[in-house]
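To be precise, the following lines are protein29.pdb, and they hold PDB, C-alpha atoms, pLDDT in the B column.
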ATOM      1  CA  LEU A   1      -0.082 118.404 168.168  1.00 52.00           C
ATOM      2  CA  ARG A   2      -0.220 120.451 165.018  1.00 59.00           C
ATOM      3  CA  LEU A   3      -3.030 118.237 163.772  1.00 57.00           C
ATOM      4  CA  VAL A   4      -5.384 119.967 166.181  1.00 55.00           C
ATOM      5  CA  HIS A   5      -4.808 123.243 164.347  1.00 59.00           C
ATOM      6  CA  HIS A   6      -5.851 121.645 161.064  1.00 54.00           C
ATOM      7  CA  SER A   7      -8.885 119.757 162.341  1.00 53.00           C
ATOM      8  CA  GLY A   8     -11.364 122.215 160.841  1.00 55.00           C
ATOM      9  CA  ARG A   9      -9.997 122.073 157.304  1.00 56.00           C
ATOM     10  CA  GLY A  10     -11.752 120.050 154.665  1.00 59.00           C
ATOM     11  CA  GLY A  11     -10.524 117.545 152.131  1.00 60.00           C
ATOM     12  CA  TRP A  12      -8.682 114.308 152.682  1.00 57.00           C
ATOM     13  CA  ALA A  13      -6.235 115.935 155.129  1.00 61.00           C
ATOM     14  CA  GLY A  14      -9.119 117.126 157.289  1.00 67.00           C
ATOM     15  CA  GLU A  15     -10.673 113.658 157.242  1.00 75.00           C
ATOM     16  CA  THR A  16      -7.361 112.100 158.259  1.00 77.00           C
ATOM     17  CA  VAL A  17      -6.919 114.602 161.074  1.00 76.00           C
ATOM     18  CA  ARG A  18     -10.462 113.929 162.301  1.00 78.00           C
ATOM     19  CA  ALA A  19      -9.751 110.182 162.294  1.00 82.00           C
ATOM     20  CA  VAL A  20      -6.580 110.672 164.340  1.00 83.00           C
ATOM     21  CA  LEU A  21      -8.360 113.017 166.762  1.00 85.00           C
ATOM     22  CA  THR A  22     -11.186 110.516 167.160  1.00 87.00           C
ATOM     23  CA  GLU A  23      -8.654 107.866 168.146  1.00 90.00           C
ATOM     24  CA  VAL A  24      -6.850 110.231 170.533  1.00 90.00           C
ATOM     25  CA  LEU A  25     -10.101 111.344 172.145  1.00 92.00           C
ATOM     26  CA  ALA A  26     -11.173 107.725 172.611  1.00 93.00           C
ATOM     27  CA  SER A  27      -8.018 107.279 174.718  1.00 93.00           C
ATOM     28  CA  ALA A  28      -8.262 110.621 176.545  1.00 93.00           C
ATOM     29  CA  ASP A  29      -8.885 108.933 179.893  1.00 93.00           C
ATOM     30  CA  GLU A  30      -5.497 107.192 179.758  1.00 95.00           C
ATOM     31  CA  LEU A  31      -3.643 109.996 177.972  1.00 95.00           C
ATOM     32  CA  CYS A  32      -4.478 112.582 180.636  1.00 95.00           C
ATOM     33  CA  ARG A  33      -2.503 110.489 183.138  1.00 95.00           C
ATOM     34  CA  ASP A  34       0.430 109.875 180.811  1.00 95.00           C
ATOM     35  CA  GLU A  35       3.650 111.892 181.124  1.00 95.00           C
ATOM     36  CA  PHE A  36       3.632 112.843 177.429  1.00 95.00           C
ATOM     37  CA  GLY A  37      -0.028 112.258 176.629  1.00 94.00           C
ATOM     38  CA  LYS A  38      -0.968 115.182 178.854  1.00 95.00           C
ATOM     39  CA  PHE A  39       0.652 117.531 176.324  1.00 93.00           C
ATOM     40  CA  VAL A  40      -1.557 116.208 173.542  1.00 91.00           C
ATOM     41  CA  ILE A  41      -4.621 116.588 175.756  1.00 93.00           C
ATOM     42  CA  GLU A  42      -3.572 120.096 176.789  1.00 92.00           C
ATOM     43  CA  GLU A  43      -3.244 121.125 173.141  1.00 88.00           C
ATOM     44  CA  ILE A  44      -6.736 119.874 172.408  1.00 87.00           C
ATOM     45  CA  MET A  45      -8.068 121.691 175.481  1.00 86.00           C
ATOM     46  CA  GLU A  46      -6.509 124.929 174.276  1.00 84.00           C
ATOM     47  CA  ARG A  47      -7.095 124.782 170.552  1.00 81.00           C
ATOM     48  CA  GLY A  48      -9.498 121.967 169.829  1.00 80.00           C
ATOM     49  CA  LEU A  49     -13.064 122.307 168.707  1.00 82.00           C
ATOM     50  CA  PRO A  50     -15.676 122.751 171.453  1.00 84.00           C
ATOM     51  CA  GLU A  51     -16.838 119.139 171.069  1.00 86.00           C
ATOM     52  CA  HIS A  52     -13.227 117.954 171.514  1.00 86.00           C
ATOM     53  CA  GLN A  53     -12.867 120.100 174.625  1.00 87.00           C
ATOM     54  CA  ARG A  54     -16.071 118.676 176.090  1.00 88.00           C
ATOM     55  CA  LEU A  55     -14.808 115.115 175.553  1.00 90.00           C
ATOM     56  CA  ILE A  56     -11.531 115.947 177.309  1.00 91.00           C
ATOM     57  CA  MET A  57     -13.368 117.546 180.219  1.00 90.00           C
ATOM     58  CA  ALA A  58     -15.636 114.517 180.470  1.00 90.00           C
ATOM     59  CA  ALA A  59     -12.593 112.221 180.549  1.00 92.00           C
ATOM     60  CA  LEU A  60     -11.030 114.281 183.346  1.00 92.00           C
ATOM     61  CA  SER A  61     -14.316 114.363 185.261  1.00 90.00           C
ATOM     62  CA  GLY A  62     -14.847 110.622 184.974  1.00 91.00           C
ATOM     63  CA  ARG A  63     -12.215 109.893 187.624  1.00 92.00           C
ATOM     64  CA  LEU A  64     -12.040 113.366 189.102  1.00 92.00           C
ATOM     65  CA  ALA A  65     -10.820 112.456 192.589  1.00 93.00           C
ATOM     66  CA  GLN A  66      -7.996 110.280 191.262  1.00 95.00           C
ATOM     67  CA  ASN A  67      -7.124 112.688 188.449  1.00 95.00           C
ATOM     68  CA  ALA A  68      -6.957 115.698 190.772  1.00 95.00           C
ATOM     69  CA  ARG A  69      -4.293 113.897 192.833  1.00 95.00           C
ATOM     70  CA  HIS A  70      -2.405 112.441 189.850  1.00 96.00           C
ATOM     71  CA  GLU A  71       0.967 113.861 188.849  1.00 95.00           C
ATOM     72  CA  HIS A  72      -0.005 114.505 185.216  1.00 95.00           C
ATOM     73  CA  ALA A  73      -3.803 114.715 185.191  1.00 96.00           C
ATOM     74  CA  SER A  74      -3.834 117.293 188.002  1.00 96.00           C
ATOM     75  CA  PHE A  75      -2.019 119.679 185.665  1.00 94.00           C
ATOM     76  CA  LEU A  76      -4.884 119.391 183.180  1.00 94.00           C
ATOM     77  CA  ILE A  77      -7.481 119.954 185.879  1.00 93.00           C
ATOM     78  CA  GLN A  78      -5.598 123.091 186.897  1.00 92.00           C
ATOM     79  CA  ARG A  79      -5.796 124.259 183.289  1.00 89.00           C
ATOM     80  CA  ALA A  80      -9.525 123.570 183.203  1.00 88.00           C
ATOM     81  CA  LEU A  81     -10.077 125.486 186.429  1.00 87.00           C
ATOM     82  CA  ARG A  82      -8.180 128.437 185.003  1.00 83.00           C
ATOM     83  CA  GLY A  83     -10.669 128.509 182.139  1.00 75.00           C
ATOM     84  CA  LEU A  84      -8.395 127.405 179.309  1.00 46.00           C
ATOM     85  CA  ALA A  85     -11.096 125.129 178.003  1.00 46.00           C
ATOM     86  CA  SER A  86     -13.540 127.969 177.503  1.00 53.00           C
ATOM     87  CA  GLY A  87     -15.806 125.843 175.319  1.00 52.00           C
ATOM     88  CA  SER A  88     -16.406 123.677 178.376  1.00 58.00           C
ATOM     89  CA  ALA A  89     -17.030 126.311 181.026  1.00 65.00           C
ATOM     90  CA  ASN A  90     -20.076 124.475 182.411  1.00 72.00           C
ATOM     91  CA  ILE A  91     -18.123 121.251 182.880  1.00 74.00           C
ATOM     92  CA  ALA A  92     -15.260 123.177 184.520  1.00 78.00           C
ATOM     93  CA  TRP A  93     -17.791 124.753 186.893  1.00 80.00           C
ATOM     94  CA  ASP A  94     -19.200 121.307 187.741  1.00 83.00           C
ATOM     95  CA  MET A  95     -15.645 120.078 188.364  1.00 86.00           C
ATOM     96  CA  ALA A  96     -15.001 122.991 190.693  1.00 86.00           C
ATOM     97  CA  GLU A  97     -18.209 122.295 192.587  1.00 86.00           C
ATOM     98  CA  VAL A  98     -17.207 118.670 193.192  1.00 88.00           C
ATOM     99  CA  LEU A  99     -13.623 119.586 194.065  1.00 87.00           C
ATOM    100  CA  SER A 100     -14.767 122.198 196.581  1.00 84.00           C
ATOM    101  CA  GLN A 101     -16.699 119.712 198.724  1.00 84.00           C
ATOM    102  CA  ARG A 102     -15.257 119.366 202.207  1.00 84.00           C
ATOM    103  CA  GLY A 103     -14.130 115.739 201.889  1.00 87.00           C
ATOM    104  CA  MET A 104     -12.554 116.366 198.507  1.00 89.00           C
ATOM    105  CA  ILE A 105     -10.663 119.434 199.777  1.00 88.00           C
ATOM    106  CA  GLN A 106      -9.308 117.391 202.675  1.00 85.00           C
ATOM    107  CA  SER A 107      -8.241 114.620 200.308  1.00 88.00           C
ATOM    108  CA  LEU A 108      -6.566 117.037 197.893  1.00 89.00           C
ATOM    109  CA  ALA A 109      -4.801 118.812 200.753  1.00 86.00           C
ATOM    110  CA  ARG A 110      -3.079 115.567 201.682  1.00 84.00           C
ATOM    111  CA  SER A 111      -1.816 115.046 198.136  1.00 88.00           C
ATOM    112  CA  GLN A 112       1.311 116.598 196.672  1.00 86.00           C
ATOM    113  CA  PHE A 113      -0.379 117.294 193.340  1.00 92.00           C
ATOM    114  CA  GLY A 114      -3.824 117.884 194.793  1.00 91.00           C
ATOM    115  CA  MET A 115      -2.482 120.947 196.616  1.00 88.00           C
ATOM    116  CA  TYR A 116      -1.823 122.611 193.273  1.00 89.00           C
ATOM    117  CA  VAL A 117      -5.400 121.946 192.206  1.00 91.00           C
ATOM    118  CA  LEU A 118      -6.575 123.497 195.482  1.00 88.00           C
ATOM    119  CA  ARG A 119      -4.452 126.570 194.846  1.00 86.00           C
ATOM    120  CA  ASP A 120      -6.188 127.135 191.518  1.00 87.00           C
ATOM    121  CA  LEU A 121      -9.591 126.296 192.952  1.00 86.00           C
ATOM    122  CA  ALA A 122      -9.027 128.937 195.633  1.00 84.00           C
ATOM    123  CA  GLN A 123      -8.528 131.523 192.869  1.00 82.00           C
ATOM    124  CA  SER A 124     -12.214 131.200 192.032  1.00 81.00           C
ATOM    125  CA  PRO A 125     -14.235 133.755 194.016  1.00 81.00           C
ATOM    126  CA  ALA A 126     -17.101 131.270 194.209  1.00 82.00           C
ATOM    127  CA  HIS A 127     -14.957 128.587 195.874  1.00 83.00           C
ATOM    128  CA  ALA A 128     -12.159 130.420 197.682  1.00 83.00           C
ATOM    129  CA  GLN A 129     -13.903 130.859 201.006  1.00 84.00           C
ATOM    130  CA  ARG A 130     -14.976 127.211 201.179  1.00 85.00           C
ATOM    131  CA  VAL A 131     -11.416 126.051 200.433  1.00 85.00           C
ATOM    132  CA  ARG A 132      -9.908 128.296 203.089  1.00 83.00           C
ATOM    133  CA  GLN A 133     -12.511 127.390 205.728  1.00 84.00           C
ATOM    134  CA  THR A 134     -11.881 123.695 205.177  1.00 85.00           C
ATOM    135  CA  LEU A 135      -8.091 124.029 205.219  1.00 82.00           C
ATOM    136  CA  ALA A 136      -7.828 126.274 208.294  1.00 81.00           C
ATOM    137  CA  PRO A 137      -8.499 123.487 210.854  1.00 84.00           C
ATOM    138  CA  MET A 138      -6.032 121.247 208.999  1.00 82.00           C
ATOM    139  CA  ALA A 139      -3.236 123.829 209.027  1.00 78.00           C
ATOM    140  CA  SER A 140      -1.106 122.240 211.748  1.00 79.00           C
ATOM    141  CA  GLU A 141      -1.270 118.845 210.028  1.00 78.00           C
ATOM    142  CA  LEU A 142      -0.443 120.301 206.619  1.00 78.00           C
ATOM    143  CA  LEU A 143       2.391 122.514 207.816  1.00 77.00           C
ATOM    144  CA  GLY A 144       4.375 119.337 208.416  1.00 78.00           C
ATOM    145  CA  SER A 145       4.498 118.759 204.670  1.00 74.00           C
ATOM    146  CA  ARG A 146       7.134 120.721 202.770  1.00 71.00           C
ATOM    147  CA  GLN A 147       5.079 120.660 199.571  1.00 69.00           C
ATOM    148  CA  ALA A 148       1.919 121.898 201.245  1.00 73.00           C
ATOM    149  CA  ARG A 149       3.452 124.525 203.527  1.00 75.00           C
ATOM    150  CA  LYS A 150       4.090 127.215 200.913  1.00 73.00           C
ATOM    151  CA  ILE A 151       0.764 126.743 199.146  1.00 74.00           C
ATOM    152  CA  LEU A 152      -1.158 126.554 202.405  1.00 74.00           C
ATOM    153  CA  MET A 153       0.393 129.712 203.784  1.00 74.00           C
ATOM    154  CA  GLY A 154      -0.475 131.543 200.565  1.00 74.00           C
ATOM    155  CA  LEU A 155      -4.060 130.320 200.606  1.00 70.00           C
ATOM    156  CA  LEU A 156      -4.686 131.192 204.234  1.00 65.00           C
ATOM    157  CA  ALA A 157      -2.934 134.574 203.916  1.00 67.00           C
ATOM    158  CA  ASP A 158      -5.058 135.497 200.890  1.00 66.00           C
ATOM    159  CA  GLY A 159      -8.203 134.946 202.925  1.00 57.00           C
ATOM    160  CA  GLU A 160      -7.284 137.404 205.659  1.00 54.00           C
TER     161      GLU A 160
END
Translate this file's structure into structure tokens.
Amino acid sequence: LRLVHHSGRGGWAGETVRAVLTEVLASADELCRDEFGKFVIEEIMERGLPEHQRLIMAALSGRLAQNARHEHASFLIQRALRGLASGSANIAWDMAEVLSQRGMIQSLARSQFGMYVLRDLAQSPAHAQRVRQTLAPMASELLGSRQARKILMGLLADGE
């Protein structure tokens, strides 16, 4: 992870770091769904160069529906929605637009990890109302889920 901090330095060390980062970024799609790989990807999202951040965001977006419901990748999508990858704000906005579609909200609401993505999506003023309006008719179904109950109650209460 410390290699990311040194990626902008020149010389042979910088070239070596760039080579390692190139290899990591080529595997970003798989790493974002890996229990330990997600930490490497998160570090690059936070401290990597803008082009590295864009590649990570593209990898997350490539299988957005699956990643938003995945135990490890959903964490990274939450980070993106919170704006950690500031060099990729446009991609994060596009992600949020896709995630806030009615069918996607319903799918995420039925997923243990997708509910956390919805919680962060609902923090966006541009998407909060759409999330709440879609979840309200599903409330009785979702209240049966222990994982969803607390998040759902918070989301619906915030909208009142």
Open item on the list: When the PyMOL selection byres ((chain A and resi 108) around 12) is applied to the structure above, which residues does it catch, written out as JSON, numbers by chain?
Closed with: {"A": [64, 65, 66, 67, 68, 69, 70, 74, 98, 99, 100, 101, 102, 103, 104, 105, 106, 107, 109, 110, 111, 112, 113, 114, 115, 116, 117, 118, 119, 120, 121, 131, 134, 135, 138, 142, 148, 152]}
Neighbour list for Arg54 of chain A as a CSV table (one decimal) with C-alpha atoms, in the coordinates of the input, cut-off 12 Å, all atoms listed in the file, skip fewer than 2 positions in-chain:
chain,number,residue,atom,x,y,z
A,25,LEU,CA,-10.1,111.3,172.1
A,28,ALA,CA,-8.3,110.6,176.5
A,41,ILE,CA,-4.6,116.6,175.8
A,44,ILE,CA,-6.7,119.9,172.4
A,45,MET,CA,-8.1,121.7,175.5
A,46,GLU,CA,-6.5,124.9,174.3
A,48,GLY,CA,-9.5,122.0,169.8
A,49,LEU,CA,-13.1,122.3,168.7
A,50,PRO,CA,-15.7,122.8,171.5
A,51,GLU,CA,-16.8,119.1,171.1
A,52,HIS,CA,-13.2,118.0,171.5
A,56,ILE,CA,-11.5,115.9,177.3
A,57,MET,CA,-13.4,117.5,180.2
A,58,ALA,CA,-15.6,114.5,180.5
A,59,ALA,CA,-12.6,112.2,180.5
A,60,LEU,CA,-11.0,114.3,183.3
A,61,SER,CA,-14.3,114.4,185.3
A,80,ALA,CA,-9.5,123.6,183.2
A,85,ALA,CA,-11.1,125.1,178.0
A,86,SER,CA,-13.5,128.0,177.5
A,87,GLY,CA,-15.8,125.8,175.3
A,88,SER,CA,-16.4,123.7,178.4
A,89,ALA,CA,-17.0,126.3,181.0
A,90,ASN,CA,-20.1,124.5,182.4
A,91,ILE,CA,-18.1,121.3,182.9
A,92,ALA,CA,-15.3,123.2,184.5
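Between Glu42 of chain A and the candidates A:Ala19, A:Leu143, A:Ile77, A:Ala26, the tightest atom-to-atom separation, counting only C-alpha atoms, involves A:Ile77.
Between atom CA of Glu23 of chain A and atom CA of Gly83 of chain A the interatomic distance comes to 25.0 Å.
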Open item on the list: I'd like to know which of A:Gln53, A:Arg47, A:Ala136, A:Gly37 is closest to His72 of chain A, using all atoms listed in the file.
Closed with: A:Gly37
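Interatomic distance, atom CA of Leu76 of chain A against atom CA of Glu141 of chain A: 27.1 Å.
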Within 9 Å of Glu35 of chain A using only C-alpha atoms, minus same-chain residues under 4 positions, as a PDB file with C-alpha atoms, keeping the file's coordinate frame:
ATOM      1  CA  LEU A  31      -3.643 109.996 177.972  1.00 95.00           C
ATOM      2  CA  PHE A  39       0.652 117.531 176.324  1.00 93.00           C
ATOM      3  CA  GLU A  71       0.967 113.861 188.849  1.00 95.00           C
ATOM      4  CA  HIS A  72      -0.005 114.505 185.216  1.00 95.00           C
ATOM      5  CA  ALA A  73      -3.803 114.715 185.191  1.00 96.00           C
TER       6      ALA A  73
END
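Reported to one decimal place, the separation of atom CA of Leu81 of chain A from atom CA of Trp93 of chain A is 7.8 Å.
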TODO: Kindly resolve the PyMOL selection byres ((chain A and resi 128) around 10) on the present coordinates and return the residues as a VMD selection string.
DONE: chain A and resid 100 118 to 127 129 to 133 155 to 156 158 to 159
Write the residues of the preceding selection, restricted to C-alpha atoms, as a compact mmCIF listing (two decimals), keeping the file's coordinate frame.
# COMPACT_ATOMS: atom_id res chain seq x y z
CA SER A 100 -14.77 122.20 196.58
CA LEU A 118 -6.58 123.50 195.48
CA ARG A 119 -4.45 126.57 194.85
CA ASP A 120 -6.19 127.14 191.52
CA LEU A 121 -9.59 126.30 192.95
CA ALA A 122 -9.03 128.94 195.63
CA GLN A 123 -8.53 131.52 192.87
CA SER A 124 -12.21 131.20 192.03
CA PRO A 125 -14.24 133.76 194.02
CA ALA A 126 -17.10 131.27 194.21
CA HIS A 127 -14.96 128.59 195.87
CA GLN A 129 -13.90 130.86 201.01
CA ARG A 130 -14.98 127.21 201.18
CA VAL A 131 -11.42 126.05 200.43
CA ARG A 132 -9.91 128.30 203.09
CA GLN A 133 -12.51 127.39 205.73
CA LEU A 155 -4.06 130.32 200.61
CA LEU A 156 -4.69 131.19 204.23
CA ASP A 158 -5.06 135.50 200.89
CA GLY A 159 -8.20 134.95 202.92
